[in-house]
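Okay, structure first, notes after.
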Amino acid sequence: MLATIDIILGETVVNVVFAPAVTMDGSAAITATGLNNVKVARSFKKGWNTLALPFAITTAELGTGVKAQEFSGVTADGGLNFTAVTNLEANKPYLVYFPAATDVAEYFGTNISAVDETGVTNGAYTFKPNFSNPSLSMAGNYGVVTADGVSKIMKGGAGSTLQTIRAYFTGNGAGTARIYFDGETTGIEAITNATANGKIYNLQGVEVSGKLPAGVYVKNGEKVIIK
């Protein structure tokens with residue numbers, strides 16, 4: 001509920017509105033709308049993360065050196081193309097880059113839009129925000145992960161989940177798809193489609209077999225660590 005008071009400063013009357021406080025930390029569905037004092041409390045890993053918010057912000061408001069990319073199309077070879085932006089729209093999913101691991105606790109006095117999880121579709125893939133389910137199953141969906149210092153988009157396993165104010169990919173395209181930023185290949189290497197066929201893949205999406213060296217692999221859509 002909004003509360004309004006008038007403060008008289010000399011001959012000037014200042015109308016002050018006190019808005020409800022809302023915390024968005026990924027642990028609950030987003031239900032608030034309208035003018036609110038929003039606290040975004042979330043940890044971001046170094047490198048690329050997904051982000052979706054029901055209000056507009058800029059990369060500068062997220063911190064120094066933060067960059068953002070929106071899903072803008074598909075390339076001739078079936079890759080996913082992203083374009084750099086500095087203004088992030090409400091209800092739209094983004095890839096955001098943090099130069100260092102960061103615990104964000106930012107406050108925004110803003111209007112929260114009614115949430116819309118439609119997302120952005122290009123070609124066979126849809127980049128979708130998650131506002132409604134704090135433990136969304138990632139089985140069959142694709143999310144951004146970091147393994148051995150390399151960011152990738154990888155298919156989630158049966159036990160993997162995604163919190164709110166994040167985003168994920170759905171799609172029925174080819175097993176792998178290159179990721180491009182402004183038409184150039186990136187450190188986010190490929191979508192890895194490790195289907196439940198018992199085969200083992202390395203983090204580059206290449207099938208491997210035999211006695212494997214120590215490392216991280218993917219089997220049936222889940223990461224497997226061999227020590």
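Chain labels run A, B, ... following the order of the structure tokens; each chain numbers its residues from 1, and ligands are numbered from 1 in the order shown.
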
Checklist entry - Could you pull out the helix (DSSP H, G or I) residues of region 22-177 of chain A from DSSP and send them as a list in words? => result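 Reading the DSSP output for region 22-177 of chain A, helix (DSSP H, G or I) covers Thr59, Ala60, Glu61 and Leu62 of chain A.
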
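Residues lying within 6 Å of Lys39 (chain A), counting only C-alpha atoms and ignoring same-chain neighbours fewer than 4 positions away, are Thr23, Glu106 and Tyr107 of chain A.
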
Would you mind exporting the chosen residues as an mmCIF file, in the first residue's frame, restricted to C-alpha atoms?
```cif
data_model
loop_
_atom_site.group_PDB
_atom_site.id
_atom_site.type_symbol
_atom_site.label_atom_id
_atom_site.label_comp_id
_atom_site.auth_asym_id
_atom_site.auth_seq_id
_atom_site.Cartn_x
_atom_site.Cartn_y
_atom_site.Cartn_z
ATOM 1 C CA THR A 23 13.075 -8.075 -2.151
ATOM 2 C CA GLU A 106 20.938 -2.762 -5.102
ATOM 3 C CA TYR A 107 17.885 -0.653 -4.281
#
```

Next on the checklist: To test your reading of the structure, identify every residue in region 67-147 of chain A that backbone DSSP assigns to strand (DSSP E), and report it as a ChimeraX atom specification.
Outcome noted: /A:67-74,80-85,87-88,94-98,102-112,120-122,125-130,136-137,142-147

Checklist outcome for this item: What separates CA of Arg166 (chain A) and CA of Ala29 (chain A) is a distance of 11.6 Å

Using only C-alpha atoms, what does the table of region 56-78 of chain A residues within 9 Å of region 114-134 of chain A look like, with each row giving the shortest atom pair and its distance in Å to one decimal, sorted by chain and ascending number, as JSON lines?
```
{"residue": "A:Phe71", "atom": "CA", "partner": "A:Val120", "partner_atom": "CA", "distance": 7.0}
{"residue": "A:Ser72", "atom": "CA", "partner": "A:Asn122", "partner_atom": "CA", "distance": 7.3}
{"residue": "A:Gly73", "atom": "CA", "partner": "A:Asn122", "partner_atom": "CA", "distance": 5.2}
{"residue": "A:Val74", "atom": "CA", "partner": "A:Gly123", "partner_atom": "CA", "distance": 6.1}
{"residue": "A:Gly78", "atom": "CA", "partner": "A:Gly123", "partner_atom": "CA", "distance": 8.0}
```

Residues as selected, N, CA and C atoms, written as a PDB file, in the first residue's frame, can you do that?
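Wrote selection03.pdb, looks like this:
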```
ATOM      1  N   PHE A  71      19.325 -11.468 -26.942  1.00  0.00           N
ATOM      2  CA  PHE A  71      19.191 -12.490 -27.984  1.00  0.00           C
ATOM      3  C   PHE A  71      18.531 -11.838 -29.185  1.00  0.00           C
ATOM      4  N   SER A  72      19.299 -11.663 -30.272  1.00  0.00           N
ATOM      5  CA  SER A  72      18.818 -10.842 -31.380  1.00  0.00           C
ATOM      6  C   SER A  72      18.535 -11.612 -32.666  1.00  0.00           C
ATOM      7  N   GLY A  73      18.945 -12.874 -32.760  1.00  0.00           N
ATOM      8  CA  GLY A  73      18.664 -13.597 -33.985  1.00  0.00           C
ATOM      9  C   GLY A  73      19.466 -14.875 -34.092  1.00  0.00           C
ATOM     10  N   VAL A  74      19.332 -15.530 -35.225  1.00  0.00           N
ATOM     11  CA  VAL A  74      20.119 -16.728 -35.503  1.00  0.00           C
ATOM     12  C   VAL A  74      20.954 -16.464 -36.746  1.00  0.00           C
ATOM     13  N   GLY A  78      23.030 -21.511 -38.112  1.00  0.00           N
ATOM     14  CA  GLY A  78      22.180 -21.977 -37.026  1.00  0.00           C
ATOM     15  C   GLY A  78      22.644 -21.564 -35.660  1.00  0.00           C
TER      16      GLY A  78
END
```

Item to check | Atom pair CA of Val96 (chain A) / CA of Ala41 (chain A): separation (Å) | outcome: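 These atoms are spaced 15.5 Å apart.
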
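The interatomic distance for the pair CA of Asn87 (chain A) and CA of Gly156 (chain A) works out to 29.0 Å.
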
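Restricting the calculation to only C-alpha atoms, the smallest distance between Phe98 (chain A) and any of A:Tyr142, A:Phe44, A:Leu136, A:Thr86 is found for A:Phe44.
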
If we count only C-alpha atoms and set the cut-off at 6 Å, which residues sit around region 89-92 of chain A, ignoring sequence neighbours fewer than 2 positions away in its own chain? Please answer as a short mmCIF file (atom, residue, chain, number, x, y, z; two decimals) with C-alpha atoms, in the first residue's frame.
```
data_model
loop_
_atom_site.label_atom_id
_atom_site.label_comp_id
_atom_site.auth_asym_id
_atom_site.auth_seq_id
_atom_site.Cartn_x
_atom_site.Cartn_y
_atom_site.Cartn_z
CA ALA A 52 15.58 -10.98 -16.13
CA LEU A 53 13.77 -8.33 -14.08
CA PRO A 54 10.20 -7.00 -14.23
CA PHE A 55 11.46 -3.40 -14.41
CA ALA A 56 13.91 -1.49 -16.57
CA ASP A 116 5.52 -11.73 -18.71
#
```

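Among the candidates A:Ala105, A:Val145, A:Ala214, A:Val22, the one nearest to Leu162 (chain A) when counting only C-alpha atoms is A:Val145.
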
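Using only C-alpha atoms, the nearest neighbour of Ala28 (chain A) within the list A:Asn49, A:Thr83, A:Thr64, A:Ser135 is A:Ser135.
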
Item to check | Exercise: Asn36 (chain A) partners within 9 Å, only C-alpha atoms, chain neighbours under 2 positions left out, as a count of residues only | outcome: 15

Next on the checklist: What's around Asp182 (chain A) at 8 Å? Count only C-alpha atoms, leave out sequence neighbours fewer than 5 positions away in its own chain, and write the answer as a PyMOL selection string.
Outcome noted: chain A and resi 81-84

Next on the checklist: Please list as a list of chain:residue names every residue within 7 Å of Gly143 (chain A), counting only C-alpha atoms and excluding residues in the same chain fewer than 2 positions away.
Outcome noted: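 Counting only C-alpha atoms, the residues come to A:Asn141, A:Val145, A:Ile153, A:Met154, A:Lys155, A:Gly156, A:Tyr168, A:Phe169.
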
Item to check | Ala100 (chain A) surroundings by only C-alpha atoms, 12 Å radius, close-in-sequence under 6 positions cut, as a VMD selection string | outcome: chain A and resid 43 to 49 63 to 67
